[in-house]
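Asks: Here you go, this is start-v2.txt (compact mmCIF, C-alpha atoms).
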# COMPACT_ATOMS: atom_id res chain seq x y z
CA MET A 457 -12.93 19.55 -40.62
CA GLU A 458 -16.59 18.61 -41.02
CA ILE A 459 -17.72 15.05 -40.37
CA GLU A 460 -19.04 13.25 -43.43
CA ARG A 461 -22.25 11.53 -42.43
CA ASP A 462 -22.48 9.06 -45.29
CA LEU A 463 -22.11 5.31 -44.81
CA ILE A 464 -18.57 3.99 -45.22
CA ALA A 465 -17.26 0.43 -45.45
CA ALA A 466 -13.95 -1.41 -45.79
CA ILE A 467 -12.32 -4.78 -45.32
CA ALA A 468 -10.74 -4.49 -41.86
CA THR A 469 -8.53 -7.59 -42.01
CA PRO A 470 -5.31 -8.10 -44.02
CA ALA A 471 -5.39 -9.33 -47.58
CA GLY A 472 -4.84 -13.04 -48.10
CA LEU A 473 -6.24 -16.28 -46.70
CA GLY A 474 -7.40 -16.63 -43.12
CA GLY A 475 -9.95 -18.32 -40.91
CA VAL A 476 -11.91 -15.09 -40.40
CA GLY A 477 -12.23 -11.86 -42.35
CA ILE A 478 -14.11 -8.71 -41.32
CA VAL A 479 -15.96 -6.05 -43.26
CA ARG A 480 -16.60 -2.95 -41.16
CA VAL A 481 -19.43 -0.47 -41.80
CA SER A 482 -19.90 2.89 -40.05
CA GLY A 483 -22.43 5.67 -40.32
CA LYS A 484 -26.13 6.38 -40.46
CA GLY A 485 -28.01 3.35 -41.74
CA ALA A 486 -25.35 0.81 -40.73
CA LYS A 487 -27.80 -1.15 -38.57
CA GLN A 488 -30.45 -1.31 -41.28
CA LEU A 489 -27.92 -2.46 -43.84
CA GLY A 490 -26.57 -5.14 -41.48
CA GLU A 491 -30.09 -6.42 -40.84
CA LYS A 492 -30.80 -6.53 -44.56
CA LEU A 493 -27.67 -8.54 -45.38
CA SER A 494 -28.03 -10.94 -42.42
CA ASN A 495 -31.82 -11.16 -42.16
CA LYS A 496 -31.40 -10.72 -38.38
CA ARG A 497 -32.78 -8.17 -35.94
CA LEU A 498 -29.59 -6.73 -34.50
CA GLU A 499 -29.11 -5.98 -30.83
CA PRO A 500 -26.16 -3.87 -29.62
CA ARG A 501 -23.01 -5.81 -28.69
CA LYS A 502 -24.55 -9.21 -29.36
CA ALA A 503 -23.06 -11.68 -31.82
CA HIS A 504 -25.62 -13.03 -34.26
CA TYR A 505 -24.85 -16.16 -36.29
CA CYS A 506 -26.31 -15.73 -39.77
CA GLU A 507 -26.10 -16.22 -43.51
CA PHE A 508 -25.07 -13.20 -45.61
CA TYR A 509 -27.10 -12.52 -48.74
CA ASN A 510 -26.74 -10.08 -51.60
CA GLY A 511 -30.30 -10.04 -52.79
CA CYS A 512 -31.14 -13.71 -53.34
CA ASP A 513 -27.49 -14.81 -53.63
CA LEU A 514 -25.94 -16.51 -50.61
CA ILE A 515 -22.44 -15.07 -50.02
CA ASP A 516 -21.23 -16.69 -46.80
CA GLN A 517 -22.08 -17.83 -43.29
CA GLY A 518 -20.69 -15.95 -40.32
CA ILE A 519 -21.35 -13.54 -37.47
CA VAL A 520 -22.72 -9.99 -37.48
CA LEU A 521 -22.08 -7.51 -34.66
CA PHE A 522 -23.77 -4.14 -34.07
CA PHE A 523 -22.33 -1.29 -31.99
CA LYS A 524 -24.81 1.52 -31.34
CA ALA A 525 -23.64 5.14 -31.36
CA PRO A 526 -21.97 6.67 -29.46
CA ASN A 527 -20.59 3.44 -27.92
CA SER A 528 -18.45 2.43 -30.87
CA PHE A 529 -14.94 3.09 -32.15
CA THR A 530 -16.08 5.84 -34.53
CA GLY A 531 -18.83 7.19 -32.28
CA GLU A 532 -21.35 6.27 -35.01
CA ASP A 533 -23.47 3.18 -35.58
CA VAL A 534 -21.02 0.44 -36.57
CA VAL A 535 -21.68 -3.02 -37.99
CA GLU A 536 -19.06 -5.72 -38.44
CA LEU A 537 -19.62 -8.66 -40.77
CA HIS A 538 -17.39 -11.60 -39.80
CA GLY A 539 -17.06 -14.14 -42.59
CA HIS A 540 -14.51 -16.64 -43.84
CA GLY A 541 -11.18 -14.94 -44.51
CA GLY A 542 -10.64 -15.29 -48.24
CA PRO A 543 -10.21 -12.43 -50.72
CA VAL A 544 -13.15 -13.53 -52.90
CA VAL A 545 -15.53 -13.84 -49.94
CA MET A 546 -14.42 -10.51 -48.48
CA ASN A 547 -14.76 -8.70 -51.80
CA ASN A 548 -18.23 -10.20 -52.30
CA LEU A 549 -19.27 -9.01 -48.84
CA LEU A 550 -17.86 -5.53 -49.49
CA GLN A 551 -19.65 -5.41 -52.86
CA ALA A 552 -22.93 -6.36 -51.16
CA VAL A 553 -22.43 -3.60 -48.58
CA CYS A 554 -21.72 -1.03 -51.29
CA SER A 555 -24.76 -2.19 -53.26
CA GLY A 556 -26.76 -1.45 -50.12
CA GLY A 557 -25.72 2.21 -50.09
CA ALA A 558 -22.26 2.37 -48.51
CA ARG A 559 -19.08 3.62 -50.16
CA VAL A 560 -15.54 2.34 -49.75
CA ALA A 561 -13.80 4.27 -46.96
CA ARG A 562 -10.68 6.33 -47.55
CA PRO A 563 -7.48 5.23 -45.79
CA GLY A 564 -7.81 6.08 -42.09
CA GLU A 565 -11.38 7.34 -42.40
CA PHE A 566 -12.67 5.21 -39.50
CA SER A 567 -10.00 6.65 -37.17
CA GLU A 568 -10.66 10.11 -38.60
CA ARG A 569 -14.31 9.87 -37.66
CA ALA A 570 -13.37 8.61 -34.19
CA PHE A 571 -11.21 11.72 -33.80
CA LEU A 572 -13.84 14.12 -35.15
CA ASN A 573 -16.47 12.56 -32.89
CA GLU A 574 -14.09 13.10 -29.94
CA LYS A 575 -13.71 9.40 -29.18
CA ILE A 576 -9.93 9.75 -29.40
CA ASP A 577 -7.51 12.66 -29.76
CA LEU A 578 -5.00 13.01 -32.59
CA VAL A 579 -2.14 11.44 -30.64
CA GLN A 580 -4.24 8.35 -29.95
CA ALA A 581 -5.29 8.15 -33.60
CA GLU A 582 -1.67 8.21 -34.74
CA ALA A 583 -0.75 5.64 -32.09
CA ILE A 584 -3.29 3.23 -33.60
CA ALA A 585 -1.35 3.38 -36.87
CA ASP A 586 1.91 2.93 -34.93
CA LEU A 587 0.52 -0.16 -33.21
CA ILE A 588 -0.52 -1.72 -36.51
CA THR A 589 2.92 -1.13 -38.05
CA SER A 590 4.99 -1.80 -34.92
CA GLY A 591 8.08 -3.85 -35.68
CA SER A 592 8.85 -5.13 -32.19
CA ALA A 593 7.18 -6.01 -28.91
CA ILE A 594 8.50 -2.88 -27.21
CA ALA A 595 7.20 -0.71 -30.08
CA ALA A 596 3.77 -2.30 -29.76
CA LYS A 597 3.81 -1.76 -25.99
CA ALA A 598 4.75 1.91 -26.44
CA ALA A 599 1.99 2.39 -29.02
CA VAL A 600 -0.59 0.87 -26.64
CA LYS A 601 0.50 3.32 -23.93
CA ALA A 602 -0.02 6.21 -26.36
CA ILE A 603 -3.45 4.84 -27.33
CA SER A 604 -4.39 4.63 -23.65
CA GLY A 605 -3.72 8.37 -23.35
CA LYS A 606 -0.41 8.43 -21.47
CA PHE A 607 1.24 10.91 -23.85
CA SER A 608 -1.96 12.94 -24.24
CA ALA A 609 -2.31 13.28 -20.46
CA GLU A 610 1.21 14.72 -20.22
CA VAL A 611 0.50 17.25 -22.96
CA HIS A 612 -2.85 18.18 -21.38
CA ARG A 613 -1.24 18.72 -17.99
CA ILE A 614 1.42 21.09 -19.33
CA THR A 615 -1.10 22.89 -21.54
CA GLU A 616 -3.35 23.48 -18.53
CA ALA A 617 -0.41 24.81 -16.52
CA ILE A 618 0.40 27.27 -19.33
CA ASN A 619 -3.24 28.29 -19.51
CA HIS A 620 -3.38 28.85 -15.73
CA LEU A 621 -0.37 31.18 -15.87
CA ARG A 622 -1.73 32.92 -18.94
CA VAL A 623 -5.09 33.58 -17.20
CA PHE A 624 -3.27 35.05 -14.22
CA VAL A 625 -1.17 37.38 -16.41
CA GLU A 626 -4.13 38.46 -18.57
CA ALA A 627 -6.26 39.10 -15.49
CA ASN A 628 -3.73 41.64 -14.31
CA LEU A 629 -3.76 43.21 -17.77
CA ASP A 630 -7.56 43.41 -17.96
CA PHE A 631 -8.07 44.54 -14.37
CA PRO A 632 -4.96 46.52 -13.41
CA ASP A 633 -6.76 48.41 -10.64
CA GLU A 634 -8.12 45.29 -8.97
CA GLU A 635 -6.14 43.59 -6.22
CA ILE A 636 -6.08 40.16 -7.88
CA GLU A 637 -2.70 39.16 -6.59
CA ASP A 638 0.60 40.93 -6.22
CA LEU A 639 2.64 40.49 -9.38
CA ASP A 640 6.10 39.09 -8.93
CA LEU A 641 8.00 39.20 -12.22
CA GLU A 642 10.68 36.85 -10.97
CA GLU A 643 8.04 34.34 -9.92
CA ILE A 644 6.42 34.50 -13.37
CA LYS A 645 9.82 33.98 -14.98
CA LYS A 646 10.41 31.00 -12.71
CA ASN A 647 7.05 29.50 -13.70
CA ILE A 648 7.81 29.95 -17.40
CA ARG A 649 11.23 28.39 -16.91
CA ASN A 650 9.66 25.40 -15.14
CA LEU A 651 7.20 24.99 -18.01
CA ARG A 652 10.06 24.98 -20.52
CA GLU A 653 11.87 22.30 -18.52
CA GLU A 654 8.74 20.15 -18.38
CA ILE A 655 8.28 20.39 -22.13
CA GLU A 656 11.95 19.53 -22.70
CA SER A 657 11.61 16.51 -20.42
CA LEU A 658 8.55 15.34 -22.35
CA ARG A 659 10.38 15.98 -25.62
CA ASN A 660 13.25 13.76 -24.50
CA LYS A 661 10.80 10.97 -23.67
CA SER A 662 9.10 11.49 -27.02
CA HIS A 663 12.39 11.19 -28.89
CA GLN A 664 12.68 7.59 -27.68
CA GLY A 665 9.16 6.90 -28.93
CA LEU A 666 9.90 8.62 -32.25
CA MET A 667 12.80 6.25 -32.89
CA LEU A 668 10.56 3.29 -32.13
CA ALA A 669 7.85 4.49 -34.51
CA ASN A 670 10.15 5.47 -37.39
CA GLY A 671 13.11 3.17 -36.90
CA ILE A 672 16.73 4.20 -37.48
CA THR A 673 18.48 4.12 -40.85
CA VAL A 674 22.05 2.79 -40.58
CA ALA A 675 24.35 2.90 -43.62
CA LEU A 676 27.56 0.89 -43.89
CA ILE A 677 30.26 2.61 -45.94
CA GLY A 678 33.97 2.01 -46.51
CA SER A 679 36.60 0.88 -48.97
CA PRO A 680 36.10 -2.23 -51.11
CA ASN A 681 36.85 -5.44 -49.19
CA ALA A 682 36.74 -3.71 -45.81
CA GLY A 683 34.12 -6.29 -44.83
CA LYS A 684 30.95 -4.21 -45.07
CA SER A 685 28.85 -7.01 -46.54
CA SER A 686 30.19 -9.54 -44.03
CA LEU A 687 29.35 -7.15 -41.18
CA PHE A 688 25.93 -6.55 -42.75
CA ASN A 689 25.29 -10.31 -42.68
CA ALA A 690 26.62 -10.62 -39.12
CA LEU A 691 24.24 -7.94 -37.83
CA ALA A 692 21.32 -9.35 -39.83
CA GLU A 693 22.25 -12.86 -38.59
CA LYS A 694 21.63 -14.30 -42.05
CA GLU A 695 23.30 -14.33 -45.47
CA GLU A 696 21.67 -11.30 -47.08
CA ALA A 697 24.65 -9.85 -48.95
CA ILE A 698 26.99 -11.62 -51.39
CA VAL A 699 30.50 -11.81 -49.96
CA THR A 700 33.59 -12.43 -52.15
CA ASP A 701 37.25 -11.45 -52.21
CA VAL A 702 36.67 -9.53 -55.43
CA PRO A 703 36.70 -5.75 -54.85
CA GLY A 704 33.55 -4.01 -56.00
CA THR A 705 31.21 -7.01 -55.60
CA THR A 706 28.50 -4.79 -54.09
CA ARG A 707 27.25 -2.49 -56.85
CA ASP A 708 23.87 -1.43 -55.47
CA VAL A 709 22.43 -0.70 -52.03
CA LEU A 710 21.04 -3.67 -50.11
CA LYS A 711 18.56 -3.17 -47.28
CA THR A 712 17.26 -5.32 -44.46
CA THR A 713 15.36 -4.56 -41.24
CA ILE A 714 16.67 -5.79 -37.91
CA THR A 715 15.85 -5.01 -34.29
CA ILE A 716 18.25 -4.31 -31.46
CA SER A 717 16.66 -4.25 -27.99
CA GLY A 718 13.32 -3.58 -29.66
CA LEU A 719 14.56 -0.68 -31.83
CA PRO A 720 13.91 -1.26 -35.55
CA LEU A 721 16.99 -0.58 -37.70
CA ILE A 722 16.98 -0.31 -41.48
CA LEU A 723 20.46 -1.62 -42.25
CA ILE A 724 21.92 -0.60 -45.63
CA ASP A 725 24.96 -2.13 -47.31
CA THR A 726 26.60 0.07 -49.95
CA ALA A 727 29.18 -0.14 -52.70
CA GLY A 728 32.83 0.25 -51.73
CA LEU A 729 34.07 3.81 -52.12
CA ARG A 730 37.00 4.15 -54.49
CA GLU A 731 37.97 5.64 -57.82
CA SER A 732 36.50 3.54 -60.62
CA GLU A 733 36.07 3.74 -64.38
CA ASN A 734 33.32 1.11 -64.38
CA GLN A 735 30.06 2.91 -65.11
CA VAL A 736 27.90 0.48 -63.07
CA GLU A 737 30.25 0.65 -60.08
CA LYS A 738 30.35 4.45 -60.31
CA LEU A 739 26.55 4.55 -60.07
CA GLY A 740 26.73 2.31 -57.00
CA ILE A 741 29.33 4.58 -55.40
CA GLU A 742 27.15 7.63 -56.03
CA LYS A 743 24.20 5.82 -54.42
CA ALA A 744 26.42 5.04 -51.43
CA ARG A 745 27.18 8.74 -50.97
CA LEU A 746 23.48 9.64 -51.14
CA VAL A 747 22.55 6.92 -48.64
CA ALA A 748 25.27 8.08 -46.25
CA HIS A 749 24.04 11.66 -46.52
CA ASP A 750 20.45 10.72 -45.58
CA ALA A 751 21.15 8.03 -42.96
CA ASP A 752 20.52 8.56 -39.25
CA LEU A 753 23.78 6.76 -38.48
CA VAL A 754 26.78 6.05 -40.71
CA MET A 755 29.06 3.15 -39.86
CA GLU A 756 32.43 3.52 -41.54
CA VAL A 757 33.98 0.06 -41.80
CA ARG A 758 37.77 -0.06 -41.90
CA ASP A 759 40.09 -3.01 -42.58
CA LEU A 760 42.48 -3.79 -39.72
CA THR A 761 44.87 -5.50 -42.14
CA ASN A 762 45.28 -2.24 -44.06
CA ASP A 763 47.87 0.04 -42.45
CA GLU A 764 46.01 3.10 -43.72
CA TYR A 765 42.77 1.89 -42.16
CA ALA A 766 40.62 4.56 -43.83
CA PHE A 767 39.31 4.40 -47.37
CA SER A 768 40.69 6.83 -49.93
CA ASP A 769 37.49 8.34 -51.26
CA GLN A 770 36.20 10.14 -48.16
CA THR A 771 32.63 11.39 -48.01
CA GLU A 772 31.69 14.30 -45.82
CA ILE A 773 29.86 12.78 -42.86
CA PHE A 774 28.84 14.71 -39.77
CA GLU A 775 30.97 13.35 -36.95
CA GLU A 776 28.08 13.24 -34.49
CA ARG A 777 26.34 10.57 -36.58
CA LYS A 778 29.37 8.56 -37.68
CA LEU A 779 30.67 5.40 -36.05
CA VAL A 780 34.04 3.95 -37.07
CA ILE A 781 34.40 0.15 -36.86
CA TYR A 782 37.65 -1.74 -37.41
CA ASN A 783 36.89 -5.14 -38.94
CA LYS A 784 38.85 -8.40 -39.43
CA SER A 785 40.20 -8.66 -35.88
CA ASP A 786 40.48 -12.42 -36.46
CA LEU A 787 43.45 -11.72 -38.77
CA LEU A 788 45.34 -9.98 -35.94
CA GLU A 789 45.14 -12.78 -33.39
CA ASN A 790 48.88 -13.34 -33.52
CA ASN A 791 49.68 -9.67 -33.12
CA PRO A 792 46.75 -7.89 -31.39
CA ASN A 793 48.96 -4.93 -30.50
CA ASN A 794 48.60 -3.75 -34.10
CA ALA A 795 44.96 -2.86 -33.43
CA PRO A 796 44.22 0.84 -32.84
CA GLU A 797 43.50 1.72 -29.21
CA ASN A 798 40.15 2.97 -27.92
CA HIS A 799 38.28 1.98 -31.08
CA LEU A 800 35.51 -0.49 -31.80
CA ILE A 801 37.13 -3.66 -33.11
CA VAL A 802 35.10 -6.57 -34.51
CA SER A 803 35.34 -9.68 -36.60
CA ALA A 804 32.39 -10.18 -38.92
CA LEU A 805 33.75 -13.68 -39.60
CA THR A 806 33.89 -14.97 -36.01
CA GLY A 807 31.32 -12.63 -34.44
CA ALA A 808 33.82 -11.17 -31.98
CA GLY A 809 32.76 -7.69 -30.85
CA ILE A 810 29.35 -7.83 -32.61
CA ASP A 811 27.38 -7.68 -29.34
CA SER A 812 29.43 -4.62 -28.28
CA LEU A 813 28.73 -3.08 -31.68
CA ARG A 814 24.98 -3.54 -31.20
CA GLN A 815 25.11 -1.74 -27.83
CA THR A 816 27.33 0.99 -29.28
CA ILE A 817 24.77 1.61 -32.03
CA LEU A 818 22.04 2.10 -29.41
CA ASP A 819 24.29 4.43 -27.40
CA LYS A 820 25.21 6.42 -30.50
CA VAL A 821 21.60 7.11 -31.49
CA GLY A 822 20.62 7.72 -27.85
CA PHE A 823 18.10 4.90 -27.52
CA LYS A 824 17.33 3.54 -24.05
CA ASN A 825 14.50 1.04 -24.03
CA ASP A 826 13.98 1.45 -20.28
CA GLU A 827 13.01 5.10 -20.90
CA VAL A 828 10.42 4.44 -23.62
CA SER A 829 6.97 5.50 -22.47
CA PHE A 830 5.01 5.91 -25.70
CA THR A 831 5.39 6.27 -29.45
CA ALA A 832 5.62 9.75 -30.96
CA ARG A 833 5.77 11.54 -34.30
CA ALA A 834 8.10 14.13 -35.81
CA ARG A 835 5.31 16.73 -35.73
CA HIS A 836 4.98 16.23 -31.96
CA MET A 837 8.68 16.97 -31.55
CA GLU A 838 8.41 20.09 -33.71
CA SER A 839 5.41 21.42 -31.76
CA MET A 840 7.24 20.96 -28.46
CA ARG A 841 10.38 22.58 -29.88
CA SER A 842 8.33 25.58 -31.04
CA ALA A 843 6.52 25.84 -27.69
CA THR A 844 9.85 25.84 -25.84
CA LYS A 845 11.21 28.54 -28.15
CA VAL A 846 8.12 30.72 -27.67
CA LEU A 847 8.30 30.38 -23.88
CA LEU A 848 11.98 31.32 -23.91
CA GLU A 849 11.08 34.47 -25.85
CA ALA A 850 8.22 35.20 -23.44
CA GLU A 851 10.59 34.89 -20.51
CA GLY A 852 12.99 37.31 -22.19
CA ASP A 853 10.17 39.76 -22.93
CA LEU A 854 9.26 39.96 -19.24
CA ILE A 855 11.38 43.01 -18.43
CA ASN A 856 8.79 45.05 -16.54
CA LEU A 857 5.07 45.28 -15.96
CA ASN A 858 4.60 47.10 -19.26
CA SER A 859 5.74 43.99 -21.16
CA LEU A 860 3.05 41.72 -19.74
CA GLU A 861 1.14 41.81 -23.04
CA LEU A 862 4.08 40.25 -24.86
CA THR A 863 4.34 37.59 -22.18
CA ALA A 864 0.63 36.80 -22.38
CA GLU A 865 0.88 36.52 -26.17
CA GLY A 866 3.85 34.17 -25.83
CA LEU A 867 1.92 31.96 -23.42
CA ARG A 868 -1.02 31.88 -25.84
CA ARG A 869 1.22 30.82 -28.73
CA ALA A 870 2.89 28.11 -26.63
CA GLN A 871 -0.53 26.81 -25.66
CA GLU A 872 -1.54 26.65 -29.32
CA GLU A 873 1.65 24.81 -30.29
CA LEU A 874 0.95 22.08 -27.74
CA GLY A 875 -2.72 22.06 -28.76
CA GLU A 876 -1.66 21.05 -32.28
CA ILE A 877 -0.23 17.82 -30.89
CA LEU A 878 -3.68 16.73 -29.70
CA GLY A 879 -5.44 18.11 -32.76
CA LEU A 880 -7.15 20.92 -30.87
CA VAL A 881 -6.08 23.55 -33.42
CA SER A 882 -5.00 21.41 -36.37
CA ALA A 883 -5.81 22.59 -39.87
CA ASP A 884 -7.92 20.40 -42.17
CA GLU A 885 -4.95 19.94 -44.51
CA LEU A 886 -2.82 18.52 -41.70
CA LEU A 887 -5.58 16.18 -40.55
CA GLY A 888 -6.09 14.96 -44.11
CA LYS A 889 -2.38 14.18 -44.46
CA ILE A 890 -2.20 12.35 -41.14
CA PHE A 891 -5.19 10.08 -41.75
CA SER A 892 -4.26 9.41 -45.39
CA GLU A 893 -1.23 7.48 -44.09
CA PHE A 894 -3.48 4.95 -42.30
CA CYS A 895 -4.48 1.61 -43.81
CA ILE A 896 -7.92 1.23 -45.36
CA GLY A 897 -10.35 -0.25 -42.84
CA LYS A 898 -8.82 1.68 -39.95
Would you mind writing the file out in structure tokens?
Replies:
Amino acid sequence: MEIERDLIAAIATPAGLGGVGIVRVSGKGAKQLGEKLSNKRLEPRKAHYCEFYNGCDLIDQGIVLFFKAPNSFTGEDVVELHGHGGPVVMNNLLQAVCSGGARVARPGEFSERAFLNEKIDLVQAEAIADLITSGSAIAAKAAVKAISGKFSAEVHRITEAINHLRVFVEANLDFPDEEIEDLDLEEIKKNIRNLREEIESLRNKSHQGLMLANGITVALIGSPNAGKSSLFNALAEKEEAIVTDVPGTTRDVLKTTITISGLPLILIDTAGLRESENQVEKLGIEKARLVAHDADLVMEVRDLTNDEYAFSDQTEIFEERKLVIYNKSDLLENNPNNAPENHLIVSALTGAGIDSLRQTILDKVGFKNDEVSFTARARHMESMRSATKVLLEAEGDLINLNSLELTAEGLRRAQEELGEILGLVSADELLGKIFSEFCIGK
């Protein structure tokens, strides 16, 4: 992907009212434009108090900062105009900048230029977006670790180890008559196996970070009046869903975001599953099925006061992502022996068992906040999965010395797969998609 050298600008602070708002400008001519608008001679990394003008019109009073290339976020000349944080003022400043020759930046274009100018790698660029959108303190902390290069360093280390082994194998292919080093096929296999294990270990760490970055979708399903909406409110710790004794009260899906031990959960309440002739309720039931199908975790809520326990209209849910909860334990206080053994039993009304349910949810999805090192993306997981698969094939190909070419090719492919994580071999189309998901101004 070629770097566009034109001057770009954007409002870098959130929309709305605030004490301070920032317009960021990057590219050739940024300094000259900043000096024109502020009527100040700009020195690198020095705050200049000034008045901002668009021609003869006074826009605002504030501060202008200049960062000289390559010592800036993008690696280009960057100017920041700090004014009063109101939408009218910010738009007037942005209009003045554009009148001076800049264009409005695309979403993520500042981070894209930082990547293309080798100020950050692709993992760090994505982690910036994760930090901005982080929904908990632990998610923010993990994103900062990724920005600092913790994840990138791990990938680099394994990639270098693969490259070292690949060079050794290819040297024996290119110079078979030279005494480079005695080849030991079992030792090469052992090295490949160790590399696979290191990638798998990193992949496991990354899975924790992936859950933090994306959150987990949890759908509550069950028969009408099983207490789904009450449990939804208990987990959300506020009255989000309408609760009545009338079956079929919930007709549509209701969503809220909660956090458990720092893990963001998108909690979804759904319509009770049963046979119905009501057209609106039938649509709600169909939505419930679709939500259950796409959810990361399905919580089937059952009524302890119902001898059958399970609802009649079963949906096909993969057992590995289903959690069965027996609700209304408060109604069995006089006869607790009626409760099923070895099952999760709660009372949405009194809160009994809710803390255990929260921990069970974390256990079910495999989240352990003490193992979170950095945020990650689905594409990172896929690249590591592919690299592991390629190395396994390379290990299997290593039958004799005549198969060294296949092994060398496998090592090369594994190296490329990991290189995609850092953006070393990423296609322009992929880079465009990644940076388009960023906010404007970043």
Asks: For segment 611-621 of chain A, find every residue with an atom within 7 Å (counting only C-alpha atoms), except residues of its own chain fewer than 4 positions away, and show them as a PDB file with C-alpha atoms, keeping the file's coordinate frame.
Replies:
ATOM      1  CA  PHE A 607       1.240  10.910 -23.850  1.00  0.00           C
ATOM      2  CA  VAL A 625      -1.170  37.380 -16.410  1.00  0.00           C
ATOM      3  CA  LEU A 867       1.920  31.960 -23.420  1.00  0.00           C
ATOM      4  CA  GLN A 871      -0.530  26.810 -25.660  1.00  0.00           C
ATOM      5  CA  LEU A 874       0.950  22.080 -27.740  1.00  0.00           C
TER       6      LEU A 874
END
Asks: Name the closest residue to Ala471 of chain A among the candidates A:Arg758, A:Tyr509, A:Pro543, A:Asn527; distances are taken between atoms, counting all atoms listed in the file.
Replies: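 Distance minimum relative to Ala471 of chain A lands on A:Pro543.
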Asks: Select all residues near (-23.5, 4.9, -29.8) (cut-off 12 Å, inclusive, file coordinates), counting only C-alpha atoms, and output them as number ranges by chain.
Replies: A: 482-484, 486-487, 500-501, 522-535, 570, 573, 575
Asks: Hey, can you pull every residue with an atom no more than 10 Å from (25.2, -5.0, -32.7), using all atoms listed in the file, and send it as a ChimeraX atom specification?
Replies: /A:687,690-692,715-717,807,809-818
Asks: Which one is closest to Thr761 of chain A: A:Leu498, A:Leu787, A:Leu805, A:Ala466? Count all atoms listed in the file.
Replies: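 Between A:Leu498, A:Leu787, A:Leu805, A:Ala466, the residue approaching Thr761 of chain A most closely is A:Leu787.
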Asks: Which residue gives the smallest distance to Asp586 of chain A among A:Gly665, A:Gly518, A:Gly511, A:Gly541, with only C-alpha atoms counted?
Replies: A:Gly665
Asks: Take atom CA of Lys824 of chain A and atom CA of Ile594 of chain A and report the distance between them in Å, one decimal.
Replies: 11.4 Å
Asks: Between atom CA of Ala598 of chain A and atom CA of Ser829 of chain A, what is the spacing in Å?
Replies: 5.8 Å
